[in-house]
Amino acid sequence: MEHPENSEEYKGLVVNKGIEQPSSVNPYLKRKPKKRQLSVADFVEGIVKGDVTVLSQAVTLVESIKPEHQVIAQEVIEKCLPYSGNSIRVGISGVPGAGKSTSIDVFGLHVLEKGGKLAVLAIDPSSERSKGSILGDKTRMEKLSVHPKSFIRPSPSAGSLGGVARKTRETIVLCEAAGYDKIFVETVGVGQSETAVHSMVDFFLLIQLAGTGDELQGIKRGIMEMADGIIINKADGDNLERAKLAATQFRNALHLFPAPESGWTPQVLTYSGFYNLGVKEVWDMVYEYIDFVKQNGYFEYRRNEQSKYWMYESINEHLRDSFYHHPKIEAMLQEKEQQVLQGNLTSFVAAKSLLDAYFKSL
Ligand code: GDP
């Protein structure tokens, strides 16, 4: 290229020819061959064989929002369904700091003493927003995470609570097909996620702490009603007496609730996850419950009810998605909302006109 600076006019100035920029990529670096996408049959075969790598990849597909991944994921789930169901599923909930990770670590080791395999899954709809709360995170369960018979998976982070919970529900199917006969589903004790976990487990374990005497006030009544067992953690050292007192208060409070459908009387126990005290009693209670409901038929009944629930949940979710992501609706929604806010349109008329527009466009 001719540089004007090299002309006669600019005597003291010379622009030299530059050198070519080196490539920003190291030419000696060998590119990894692209991972081959497994077929549905590969996935199912790997999962049923108990291959953890394949199971993890399948769970990633389940969690993916890409439609092409979802197509494969749904087929894999369907093919795994006949191999699933043979497990006990336990929901474990408690507010942050209640000792969920500490407890799950010791609970996990305890249930694995009997053999079998354990999967720890989680539902935490806040994980997408906060990025901080990642239930089921391996680092929080030190011993369990290195146990060869455990599979720990953090909460899926995409979407609404319903969406997050559905992915966890589907992951249960895959884990069971892979031979995990004990499933823990962890959730933060904030309200909504308990209902979701309750809809996919056989036993709902609520971790509580002894407080300052007003412990019952902080807990939503609905959550307590769902619990098949309430366990007061940190019953150790100076806290032991307070934990016992809290247990009595919970027992008294439970008497006021209507008897659960299962015929089981929810138990209240104290334990210490940190010092591994009373852990056996907690699990004796869970196993006792499972025997009890298997005998009276409630186990089977409840699992069927849950399947029905998830069918309707899926329909609802898909309808909602389809509606809100429809280009016509997306274009109209804001305007209708404004009209309602300004009092120019009633909520019902606005809703109807949006729904009419949607159905007409199908
Ligand atoms: P999470 O937020 O519910 O998962 O709670 P963590 O398991 O992280 O526990 C919160 C804190 O309580 C940690 O500092 C634990 O060491 C402590 N902790 C958990 N279990 C016990 C227990 O049984 N006794 C005592 N004294 N402390 C505990």
# chains A, B, ... in the order shown; residues from 1 in each chain; ligands from 1

call {"tool": "residues_near_ligand", "arguments": {"ligand": "ligand 1", "cutoff": "8 Å", "atoms": "only C-alpha atoms and all ligand atoms", "output": "JSON, numbers by chain"}}
result
{"A": [94, 95, 96, 97, 98, 99, 100, 101, 102, 103, 104, 135, 140, 188, 233, 234, 235, 236, 237, 239, 271, 272, 273, 274, 275, 276, 277]}

call {"tool": "residues_around", "arguments": {"residues": "Phe292 in chain A", "least_positions_apart": "6", "cutoff": "10 Å", "atoms": "only C-alpha atoms", "output": "mmCIF file with all heavy atoms, in the first residue's frame"}}
result
data_model
loop_
_atom_site.group_PDB
_atom_site.id
_atom_site.type_symbol
_atom_site.label_atom_id
_atom_site.label_comp_id
_atom_site.auth_asym_id
_atom_site.auth_seq_id
_atom_site.Cartn_x
_atom_site.Cartn_y
_atom_site.Cartn_z
ATOM 1 N N SER A 262 -52.945 -40.484 54.126
ATOM 2 C CA SER A 262 -52.192 -41.742 54.117
ATOM 3 C C SER A 262 -52.524 -42.640 55.306
ATOM 4 O O SER A 262 -52.220 -43.828 55.298
ATOM 5 C CB SER A 262 -50.697 -41.442 54.166
ATOM 6 O OG SER A 262 -50.410 -40.662 55.312
ATOM 7 N N GLY A 263 -53.133 -42.074 56.326
ATOM 8 C CA GLY A 263 -53.406 -42.849 57.534
ATOM 9 C C GLY A 263 -52.218 -42.847 58.489
ATOM 10 O O GLY A 263 -52.294 -43.358 59.603
ATOM 11 N N TRP A 264 -51.142 -42.278 58.048
ATOM 12 C CA TRP A 264 -49.903 -42.202 58.850
ATOM 13 C C TRP A 264 -49.963 -40.996 59.790
ATOM 14 O O TRP A 264 -50.447 -39.930 59.418
ATOM 15 C CB TRP A 264 -48.738 -42.040 57.873
ATOM 16 C CG TRP A 264 -47.428 -41.618 58.444
ATOM 17 C CD1 TRP A 264 -46.926 -40.351 58.454
ATOM 18 C CD2 TRP A 264 -46.435 -42.441 59.055
ATOM 19 N NE1 TRP A 264 -45.681 -40.338 59.022
ATOM 20 C CE2 TRP A 264 -45.350 -41.621 59.407
ATOM 21 C CE3 TRP A 264 -46.344 -43.814 59.341
ATOM 22 C CZ2 TRP A 264 -44.202 -42.102 60.020
ATOM 23 C CZ3 TRP A 264 -45.197 -44.295 59.948
ATOM 24 C CH2 TRP A 264 -44.145 -43.455 60.284
ATOM 25 N N VAL A 286 -38.634 -43.238 58.279
ATOM 26 C CA VAL A 286 -38.957 -43.190 56.849
ATOM 27 C C VAL A 286 -39.291 -44.603 56.347
ATOM 28 O O VAL A 286 -40.297 -44.803 55.655
ATOM 29 C CB VAL A 286 -37.783 -42.590 56.031
ATOM 30 C CG1 VAL A 286 -38.101 -42.628 54.535
ATOM 31 C CG2 VAL A 286 -37.483 -41.168 56.483
ATOM 32 N N TYR A 298 -51.609 -47.007 49.966
ATOM 33 C CA TYR A 298 -51.501 -45.576 49.713
ATOM 34 C C TYR A 298 -50.294 -45.239 48.829
ATOM 35 O O TYR A 298 -50.352 -44.306 48.029
ATOM 36 C CB TYR A 298 -51.409 -44.812 51.048
ATOM 37 C CG TYR A 298 -51.382 -43.315 50.863
ATOM 38 C CD1 TYR A 298 -52.539 -42.619 50.540
ATOM 39 C CD2 TYR A 298 -50.193 -42.598 50.994
ATOM 40 C CE1 TYR A 298 -52.519 -41.249 50.350
ATOM 41 C CE2 TYR A 298 -50.163 -41.226 50.804
ATOM 42 C CZ TYR A 298 -51.325 -40.559 50.483
ATOM 43 O OH TYR A 298 -51.297 -39.200 50.283
ATOM 44 N N PHE A 299 -49.230 -46.012 48.970
ATOM 45 C CA PHE A 299 -48.008 -45.779 48.185
ATOM 46 C C PHE A 299 -48.336 -45.757 46.686
ATOM 47 O O PHE A 299 -48.040 -44.802 45.967
ATOM 48 C CB PHE A 299 -46.989 -46.880 48.505
ATOM 49 C CG PHE A 299 -45.643 -46.685 47.869
ATOM 50 C CD1 PHE A 299 -44.653 -45.951 48.513
ATOM 51 C CD2 PHE A 299 -45.344 -47.246 46.631
ATOM 52 C CE1 PHE A 299 -43.402 -45.782 47.939
ATOM 53 C CE2 PHE A 299 -44.095 -47.077 46.050
ATOM 54 C CZ PHE A 299 -43.127 -46.347 46.706
#

call {"tool": "residues_around", "arguments": {"residues": "range 305-317 of chain A", "least_positions_apart": "4", "cutoff": "8 Å", "atoms": "only C-alpha atoms", "output": "PyMOL selection string"}}
result
chain A and resi 162-163+166+199-200+301+321

call {"tool": "closest_residue", "arguments": {"among": "A:Asp105, A:Asp238, A:Glu281, A:Glu75", "to": "Met141 in chain A", "atoms": "only C-alpha atoms"}}
result
A:Asp105

call {"tool": "select_by_dssp", "arguments": {"residues": "range 10-212 of chain A", "states": "helix (DSSP H, G or I)", "output": "PyMOL selection string"}}
result
chain A and resi 40-49+52-63+67-83+100-112+127-130+138-140+142-145+161-177+192-198

call {"tool": "closest_residue", "arguments": {"among": "A:Glu142, A:Val62, A:Leu109, A:Leu269", "to": "Thr168 in chain A", "atoms": "only C-alpha atoms"}}
result
A:Val62
